[in-house]
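Accompanying notes for the structure given below.
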Amino acid sequence: MDAAFSAEQGEIRRTLREVITKRCGPDEVKAAARTPAGHDAGLWTALADQLGLPGLAIPEAYGGVGCTTAELALGCEELGRALAPTPLFATAVLAAPLVLALGTEGQRAELLPRIAAGELTAALAVPGTGLATALGLVGDNRGDWAGGGRAGGVQARRAAEGAWRLYGQAEQVIDGHSAGLLVVAAHAGGFARSRTLLFLVREDARGMTRARQTALDETRTQARVELRDVEAELLGGDDVDVPAALAAVGDVAATVVAAEAVGAADRALESTVAYVRQREQFGRAIGSFQAVKHRLADVYVQVQAARSAAYYAAWAAGAEAAGFGGQGAERAGGLALAQALDAVRTAASEGVQLHGGIGFTWEHEAHLYFKRASSDELLFGPVHRLRARAAERADLFAEGGDADASDPVSPDPVPSDLDLDLDPDPGPGPASLGKAV
């Protein structure tokens with residue numbers, strides 16, 4: 001594989017960072033997250049109109065840019081640095097690929113161009129709190145995650161006129177309170193022929209109630225969706241393999257969340273390094289103390305390793321050139337996510353600690369990164385189950401299994417422009433952190 005980014009990919013990163021830097025400072029992020037929509041509508045319009053971000057991985061035939069998972073991951077890494085609250089993940093990573101993979105030609109032609117243009121936001125609603133299970137990240141998603149055949153979860157029945165009606169409730173629907181379209185997973189066929197299907201529910205559907213939930217991470221909004229005799233449209237046919245499609249989307253979703261986490265971890269480390277170079281104790285910057293250098297050196301290595309894993313997973317997902325969910329992504333996505341969640345949790349925790357008293361205040365941004373790390377692990381983890389699922393997929397512990405098949409060689413960590421030389425004049429003392437790394 002070629003670990004270097006192309007000029008086009010570098011331009012995506014550079015342009016996005018310019019936009020995000022201007023419009024997503026800590027105060028702007030907090031203000032946007034506390035609006036009724038949970039995001040800055042002006043920023044979303046700019047990302048759609050100027051950069052085409054919602055349609056980055058949508059084929060050109062449907063109004064998209066036609067890029068791969070690698071470009072989408074790069075874009076989300078930049079958004080993750082600022083914790084920018086946008087409906088991009090729910091719309092472009094979870095919902096749009098399902099419409100593309102399972103929808104009829106009419107449904108694709110109607111919905112995907114509007115999604116690519118930023119006119120329509122979408123969300124994936126799965127019953128209960130099992131988003132990670134539904135996406136196949138922490139276990140087999142062919143079980144009863146969508147609810148029982150007769151009760152529980154979301155139930156679908158075919159109405160007399162040929163339409164479908166939905167009953168039930170879904171928790172933890174990312175951006176579900178503001179999405180213009182819901183892709184709802186529901187059980188159909190009763191107890192004897194129970195199967196999971198996907199349905200399209202419009203925002204103005206009668207009988208649907210949506211309420212934004214109080215979430216640990218306010219920059220990634222969640223909602224409770226209640227469906228009471230709601231008219232719905234079947235996505236594709238009733239003979240599609242929904243669990244397989246969700247698992248394929250889950251592999252790419254894991255890669256994208258890993259890239260977001262790497263961006264957040266990198267920014268948390270960057271701000272911590274800047275602080276310890278300025279904060280003085282006993283007449284010198286605290287960053288010049290060897291104990292602080294060693295702690296941040298460990299974080300730096302962990303972040304770079306997570307970045308390498310996320311980039312490999314993104315490359316592997318796009319290497320198939322057939323859309324979302326290649327064989328490589330099935331083996332790399334979950335592992336990359338596990339490593340990235342470890343990295344962002346460590347970077348955020350060290351950031352809070354090394355900022356001292358100010359790091360624990362509501363006004364500082366450090367707590368936002370800590371909450372993002374904790375929330376992502378609750379939504380898409382935990383880490384030990386992500387790793388166990390990856391080992392299970394690769395038959396790592398099966399008799400006669402090929403252990404090497406599940407251990408792809410990751411590229412060398414991409415060099416960072418982060419200057420970790422905390423002591424500008426270390427003198428004869430211990431080496432600077434940059435040299436230690």
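Naming works like this for the structure tokens: A, B, ... for the chains as they're shown, residue 1 at the start of each chain, ligands 1 onward in shown order.
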Report as number ranges by chain all protein, DNA and RNA residues lying within 10 Å of segment 109-121 of chain A, evaluated on only C-alpha atoms, omitting residues in the same chain fewer than 6 positions from it.
A: 44-49, 52-65, 87-88, 90-92, 95-97, 99-100, 103, 175-176, 178-182
So that each row is one residue of segment 18-68 of chain A with an atom at most 10 Å from segment 79-84 of chain A, can you give its shortest atom pair and the distance in Å to one decimal, using only C-alpha atoms, rows by chain and rising number, as a Markdown table?
```
| residue | atom | partner | partner_atom | distance |
| --- | --- | --- | --- | --- |
| A:Val19 | CA | A:Leu79 | CA | 10.0 |
| A:Ile20 | CA | A:Ala82 | CA | 7.1 |
| A:Thr21 | CA | A:Ala82 | CA | 7.9 |
| A:Arg23 | CA | A:Ala84 | CA | 9.1 |
| A:Cys24 | CA | A:Ala82 | CA | 6.3 |
| A:Gly25 | CA | A:Ala82 | CA | 7.2 |
| A:Pro26 | CA | A:Ala82 | CA | 7.6 |
| A:Glu28 | CA | A:Ala84 | CA | 9.0 |
| A:Val29 | CA | A:Ala84 | CA | 6.1 |
| A:Lys30 | CA | A:Ala84 | CA | 9.3 |
| A:Ala32 | CA | A:Ala84 | CA | 8.7 |
| A:Ala33 | CA | A:Ala84 | CA | 8.7 |
| A:His39 | CA | A:Ala84 | CA | 8.1 |
| A:Asp40 | CA | A:Ala84 | CA | 8.9 |
| A:Leu43 | CA | A:Ala84 | CA | 9.2 |
```
Export of the given selection (N, CA, C and O atoms) as a PDB file, in the first residue's frame:
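Writing the result to out.pdb gives the following:
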```pdb
ATOM      1  N   VAL A  19     -11.621  26.056   7.548  1.00  0.00           N
ATOM      2  CA  VAL A  19     -13.015  26.365   7.868  1.00  0.00           C
ATOM      3  C   VAL A  19     -13.312  26.102   9.335  1.00  0.00           C
ATOM      4  O   VAL A  19     -13.940  26.919  10.027  1.00  0.00           O
ATOM      5  N   ILE A  20     -12.861  24.956   9.830  1.00  0.00           N
ATOM      6  CA  ILE A  20     -13.146  24.572  11.211  1.00  0.00           C
ATOM      7  C   ILE A  20     -12.462  25.523  12.192  1.00  0.00           C
ATOM      8  O   ILE A  20     -13.038  25.911  13.211  1.00  0.00           O
ATOM      9  N   THR A  21     -11.227  25.931  11.893  1.00  0.00           N
ATOM     10  CA  THR A  21     -10.508  26.836  12.778  1.00  0.00           C
ATOM     11  C   THR A  21     -11.232  28.168  12.924  1.00  0.00           C
ATOM     12  O   THR A  21     -11.288  28.749  14.022  1.00  0.00           O
ATOM     13  N   ARG A  23     -14.539  28.722  12.463  1.00  0.00           N
ATOM     14  CA  ARG A  23     -15.930  28.672  12.899  1.00  0.00           C
ATOM     15  C   ARG A  23     -16.190  27.752  14.073  1.00  0.00           C
ATOM     16  O   ARG A  23     -17.333  27.691  14.546  1.00  0.00           O
ATOM     17  N   CYS A  24     -15.178  27.048  14.555  1.00  0.00           N
ATOM     18  CA  CYS A  24     -15.423  26.058  15.607  1.00  0.00           C
ATOM     19  C   CYS A  24     -14.441  26.201  16.756  1.00  0.00           C
ATOM     20  O   CYS A  24     -13.740  25.228  17.103  1.00  0.00           O
ATOM     21  N   GLY A  25     -14.394  27.378  17.340  1.00  0.00           N
ATOM     22  CA  GLY A  25     -13.666  27.522  18.587  1.00  0.00           C
ATOM     23  C   GLY A  25     -14.455  26.881  19.714  1.00  0.00           C
ATOM     24  O   GLY A  25     -15.627  26.520  19.545  1.00  0.00           O
ATOM     25  N   PRO A  26     -13.864  26.739  20.897  1.00  0.00           N
ATOM     26  CA  PRO A  26     -14.578  26.099  22.010  1.00  0.00           C
ATOM     27  C   PRO A  26     -15.911  26.753  22.341  1.00  0.00           C
ATOM     28  O   PRO A  26     -16.905  26.059  22.597  1.00  0.00           O
ATOM     29  N   GLU A  28     -17.845  28.529  20.299  1.00  0.00           N
ATOM     30  CA  GLU A  28     -18.792  28.283  19.207  1.00  0.00           C
ATOM     31  C   GLU A  28     -19.327  26.850  19.253  1.00  0.00           C
ATOM     32  O   GLU A  28     -20.505  26.607  18.981  1.00  0.00           O
ATOM     33  N   VAL A  29     -18.464  25.906  19.606  1.00  0.00           N
ATOM     34  CA  VAL A  29     -18.896  24.504  19.696  1.00  0.00           C
ATOM     35  C   VAL A  29     -19.938  24.338  20.792  1.00  0.00           C
ATOM     36  O   VAL A  29     -20.982  23.691  20.607  1.00  0.00           O
ATOM     37  N   LYS A  30     -19.694  24.940  21.952  1.00  0.00           N
ATOM     38  CA  LYS A  30     -20.651  24.831  23.051  1.00  0.00           C
ATOM     39  C   LYS A  30     -21.972  25.482  22.696  1.00  0.00           C
ATOM     40  O   LYS A  30     -23.050  24.939  22.979  1.00  0.00           O
ATOM     41  N   ALA A  32     -23.247  25.986  19.677  1.00  0.00           N
ATOM     42  CA  ALA A  32     -23.945  25.215  18.646  1.00  0.00           C
ATOM     43  C   ALA A  32     -24.581  23.966  19.221  1.00  0.00           C
ATOM     44  O   ALA A  32     -25.710  23.588  18.852  1.00  0.00           O
ATOM     45  N   ALA A  33     -23.871  23.293  20.139  1.00  0.00           N
ATOM     46  CA  ALA A  33     -24.398  22.059  20.716  1.00  0.00           C
ATOM     47  C   ALA A  33     -25.634  22.307  21.569  1.00  0.00           C
ATOM     48  O   ALA A  33     -26.463  21.393  21.741  1.00  0.00           O
ATOM     49  N   HIS A  39     -26.644  21.590  16.385  1.00  0.00           N
ATOM     50  CA  HIS A  39     -25.492  21.901  15.531  1.00  0.00           C
ATOM     51  C   HIS A  39     -25.704  23.273  14.903  1.00  0.00           C
ATOM     52  O   HIS A  39     -26.807  23.818  14.914  1.00  0.00           O
ATOM     53  N   ASP A  40     -24.623  23.812  14.331  1.00  0.00           N
ATOM     54  CA  ASP A  40     -24.662  25.113  13.680  1.00  0.00           C
ATOM     55  C   ASP A  40     -25.131  24.932  12.242  1.00  0.00           C
ATOM     56  O   ASP A  40     -24.419  24.359  11.411  1.00  0.00           O
ATOM     57  N   LEU A  43     -22.738  26.410   9.636  1.00  0.00           N
ATOM     58  CA  LEU A  43     -21.559  25.587   9.375  1.00  0.00           C
ATOM     59  C   LEU A  43     -21.914  24.411   8.489  1.00  0.00           C
ATOM     60  O   LEU A  43     -21.168  24.065   7.566  1.00  0.00           O
TER      61      LEU A  43
END
```
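The residues of segment 44-176 of chain A that DSSP assigns to strand (DSSP E or B) on this backbone come out as Ala122, Ala123, Leu124, Ala125, Gly128, Val154, Gln155, Ala156, Arg157, Arg158, Trp164, Arg165, Leu166, Tyr167, Gly168, Gln169, Ala170, Glu171, Gln172, Val173 and Ile174 of chain A.
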Export of prior selection with C-alpha atoms as a short mmCIF file (atom, residue, chain, number, x, y, z; two decimals), in the first residue's frame:
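To be explicit, this is the file written out as selection.cif:
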```
data_model
loop_
_atom_site.label_atom_id
_atom_site.label_comp_id
_atom_site.auth_asym_id
_atom_site.auth_seq_id
_atom_site.Cartn_x
_atom_site.Cartn_y
_atom_site.Cartn_z
CA ALA A 122 -30.78 11.38 7.96
CA ALA A 123 -30.31 9.12 10.98
CA LEU A 124 -30.26 5.40 11.71
CA ALA A 125 -32.73 4.28 14.39
CA GLY A 128 -33.01 -0.23 22.37
CA VAL A 154 -39.81 -1.91 16.80
CA GLN A 155 -42.46 -4.01 15.08
CA ALA A 156 -43.59 -3.64 11.48
CA ARG A 157 -46.80 -4.92 9.89
CA ARG A 158 -48.05 -4.67 6.36
CA TRP A 164 -46.20 -0.58 6.31
CA ARG A 165 -46.98 0.58 9.84
CA LEU A 166 -44.39 0.76 12.63
CA TYR A 167 -44.80 0.44 16.39
CA GLY A 168 -42.10 0.71 19.04
CA GLN A 169 -39.31 2.84 20.37
CA ALA A 170 -35.63 3.46 19.64
CA GLU A 171 -33.15 4.96 22.08
CA GLN A 172 -29.80 6.60 21.44
CA VAL A 173 -30.59 7.67 17.87
CA ILE A 174 -27.67 9.88 16.88
#
```
Rounded to one decimal, what separation in Å do you get between atom CA of Val299 of chain A and atom CA of Gly318 of chain A?
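Those two atoms sit 28.6 Å apart.
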12 Å contact set for Asp238 of chain A, only C-alpha atoms, chain neighbours under 5 positions out, as a ChimeraX atom specification:
/A:102-104,156,158,164,186-189,193-199,233
Near-Val256 of chain A list (10 Å; only C-alpha atoms; drop same-chain fewer than 6 positions) as a tab-separated table (two decimals) with N, CA, C and O atoms, in the first residue's frame:
```
chain	number	residue	atom	x	y	z
A	69	THR	N	-13.64	5.80	1.37
A	69	THR	CA	-13.69	5.93	2.82
A	69	THR	C	-12.50	6.72	3.35
A	69	THR	O	-12.61	7.39	4.38
A	70	ALA	N	-11.36	6.66	2.67
A	70	ALA	CA	-10.18	7.38	3.14
A	70	ALA	C	-10.44	8.88	3.21
A	70	ALA	O	-10.08	9.54	4.18
A	71	GLU	N	-11.05	9.43	2.16
A	71	GLU	CA	-11.34	10.87	2.16
A	71	GLU	C	-12.37	11.23	3.23
A	71	GLU	O	-12.27	12.27	3.90
A	72	LEU	N	-13.37	10.36	3.40
A	72	LEU	CA	-14.37	10.61	4.43
A	72	LEU	C	-13.75	10.58	5.81
A	72	LEU	O	-14.07	11.40	6.68
A	73	ALA	N	-12.84	9.64	6.04
A	73	ALA	CA	-12.17	9.55	7.34
A	73	ALA	C	-11.30	10.78	7.59
A	73	ALA	O	-11.24	11.29	8.72
A	74	LEU	N	-10.60	11.26	6.55
A	74	LEU	CA	-9.79	12.47	6.72
A	74	LEU	C	-10.66	13.66	7.11
A	74	LEU	O	-10.28	14.46	7.97
A	75	GLY	N	-11.81	13.79	6.44
A	75	GLY	CA	-12.71	14.88	6.78
A	75	GLY	C	-13.20	14.79	8.21
A	75	GLY	O	-13.23	15.80	8.94
A	76	CYS	N	-13.56	13.59	8.65
A	76	CYS	CA	-14.06	13.42	10.01
A	76	CYS	C	-12.95	13.58	11.04
A	76	CYS	O	-13.22	13.96	12.19
A	77	GLU	N	-11.71	13.29	10.67
A	77	GLU	CA	-10.60	13.54	11.59
A	77	GLU	C	-10.49	15.02	11.91
A	77	GLU	O	-10.28	15.41	13.07
A	80	GLY	N	-13.29	15.97	14.12
A	80	GLY	CA	-13.04	15.46	15.46
A	80	GLY	C	-12.08	16.30	16.26
A	80	GLY	O	-12.18	16.38	17.49
A	89	PHE	N	-21.90	12.49	10.55
A	89	PHE	CA	-21.72	11.07	10.85
A	89	PHE	C	-23.03	10.30	10.68
A	89	PHE	O	-23.08	9.26	10.02
A	93	VAL	N	-22.44	8.59	7.08
A	93	VAL	CA	-21.75	7.36	7.44
A	93	VAL	C	-22.71	6.24	7.79
A	93	VAL	O	-22.47	5.08	7.45
A	250	GLY	N	-21.17	-0.89	9.50
A	250	GLY	CA	-20.51	-0.80	10.79
A	250	GLY	C	-19.00	-0.81	10.69
A	250	GLY	O	-18.31	-0.11	11.45
A	262	VAL	N	-8.96	10.00	16.71
A	262	VAL	CA	-7.56	10.39	16.52
A	262	VAL	C	-7.44	11.91	16.45
A	262	VAL	O	-6.54	12.51	17.05
A	310	ALA	N	-5.86	3.85	12.17
A	310	ALA	CA	-7.05	4.42	11.52
A	310	ALA	C	-6.81	4.63	10.03
A	310	ALA	O	-7.69	4.35	9.21
A	311	TYR	N	-5.63	5.11	9.67
A	311	TYR	CA	-5.33	5.31	8.25
A	311	TYR	C	-5.28	3.97	7.51
A	311	TYR	O	-5.73	3.87	6.36
A	313	ALA	N	-6.99	1.28	8.31
A	313	ALA	CA	-8.37	0.82	8.19
A	313	ALA	C	-9.10	1.56	7.07
A	313	ALA	O	-9.87	0.97	6.31
A	314	ALA	N	-8.85	2.88	6.97
A	314	ALA	CA	-9.48	3.67	5.90
A	314	ALA	C	-8.99	3.21	4.54
A	314	ALA	O	-9.77	3.09	3.58
A	333	GLY	N	-11.26	-2.27	10.85
A	333	GLY	CA	-12.07	-1.19	11.41
A	333	GLY	C	-12.24	-1.27	12.91
A	333	GLY	O	-12.02	-0.30	13.62
A	336	ALA	N	-8.91	-0.72	14.76
A	336	ALA	CA	-8.52	0.69	14.72
A	336	ALA	C	-9.35	1.51	15.69
A	336	ALA	O	-8.83	2.41	16.37
A	337	LEU	N	-10.64	1.21	15.78
A	337	LEU	CA	-11.51	1.93	16.70
A	337	LEU	C	-11.09	1.68	18.14
A	337	LEU	O	-11.05	2.61	18.96
```
List every residue of segment 112-316 of chain A that DSSP, applied to the backbone of this structure, assigns to alpha helix (DSSP H), and report them as a ChimeraX atom specification.
/A:112-116,131-134,242-278,290-316
Separation of atom CA of Ala253 of chain A from atom CA of Trp315 of chain A, in Å and rounded to one decimal
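If I compute the distance from atom CA of Ala253 of chain A to atom CA of Trp315 of chain A, I get 13.7 Å.
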Give the answer as one residue: which of A:Leu296, A:Ala268, A:Ala185, A:Ala340 has the shortest atom-to-atom distance to Gly359 of chain A, using only C-alpha atoms?
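Using only C-alpha atoms, Gly359 of chain A sits closest to A:Ala268.
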With only C-alpha atoms as the counted atoms, please give the residues lying no more than 9 Å from Ser375 of chain A, apart from itself and same-chain residues fewer than 6 positions off, as an MDAnalysis selection string.
chainID A and resid 215:217 220
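Reported to one decimal place, the separation of atom CA of Gly237 of chain A from atom CA of Leu137 of chain A is 25.0 Å.
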Excluding segment 378-387 of chain A and any residue of its chain fewer than 4 positions from it, enumerate the residues within 6 Å of it, using only C-alpha atoms, and give them as a ChimeraX atom specification.
/A:132,138,334-335,338
Residues as selected, N, CA, C and O atoms, written as a PDB file, in the first residue's frame, can you do that?
```pdb
ATOM      1  N   ALA A 132     -24.016  -0.541  18.738  1.00  0.00           N
ATOM      2  CA  ALA A 132     -22.785  -1.269  18.431  1.00  0.00           C
ATOM      3  C   ALA A 132     -23.074  -2.709  18.025  1.00  0.00           C
ATOM      4  O   ALA A 132     -22.425  -3.261  17.130  1.00  0.00           O
ATOM      5  N   VAL A 138     -19.506  -5.432  18.126  1.00  0.00           N
ATOM      6  CA  VAL A 138     -19.146  -6.116  19.373  1.00  0.00           C
ATOM      7  C   VAL A 138     -19.746  -7.512  19.467  1.00  0.00           C
ATOM      8  O   VAL A 138     -19.642  -8.161  20.504  1.00  0.00           O
ATOM      9  N   GLY A 334     -12.662  -2.435  13.407  1.00  0.00           N
ATOM     10  CA  GLY A 334     -12.883  -2.577  14.840  1.00  0.00           C
ATOM     11  C   GLY A 334     -11.614  -2.428  15.654  1.00  0.00           C
ATOM     12  O   GLY A 334     -11.611  -1.821  16.732  1.00  0.00           O
ATOM     13  N   LEU A 335     -10.509  -2.981  15.151  1.00  0.00           N
ATOM     14  CA  LEU A 335      -9.242  -2.860  15.867  1.00  0.00           C
ATOM     15  C   LEU A 335      -8.750  -1.413  15.886  1.00  0.00           C
ATOM     16  O   LEU A 335      -8.229  -0.936  16.899  1.00  0.00           O
ATOM     17  N   ALA A 338     -10.784   0.439  18.475  1.00  0.00           N
ATOM     18  CA  ALA A 338     -10.353   0.128  19.841  1.00  0.00           C
ATOM     19  C   ALA A 338      -9.099   0.902  20.212  1.00  0.00           C
ATOM     20  O   ALA A 338      -9.003   1.474  21.307  1.00  0.00           O
TER      21      ALA A 338
END
```
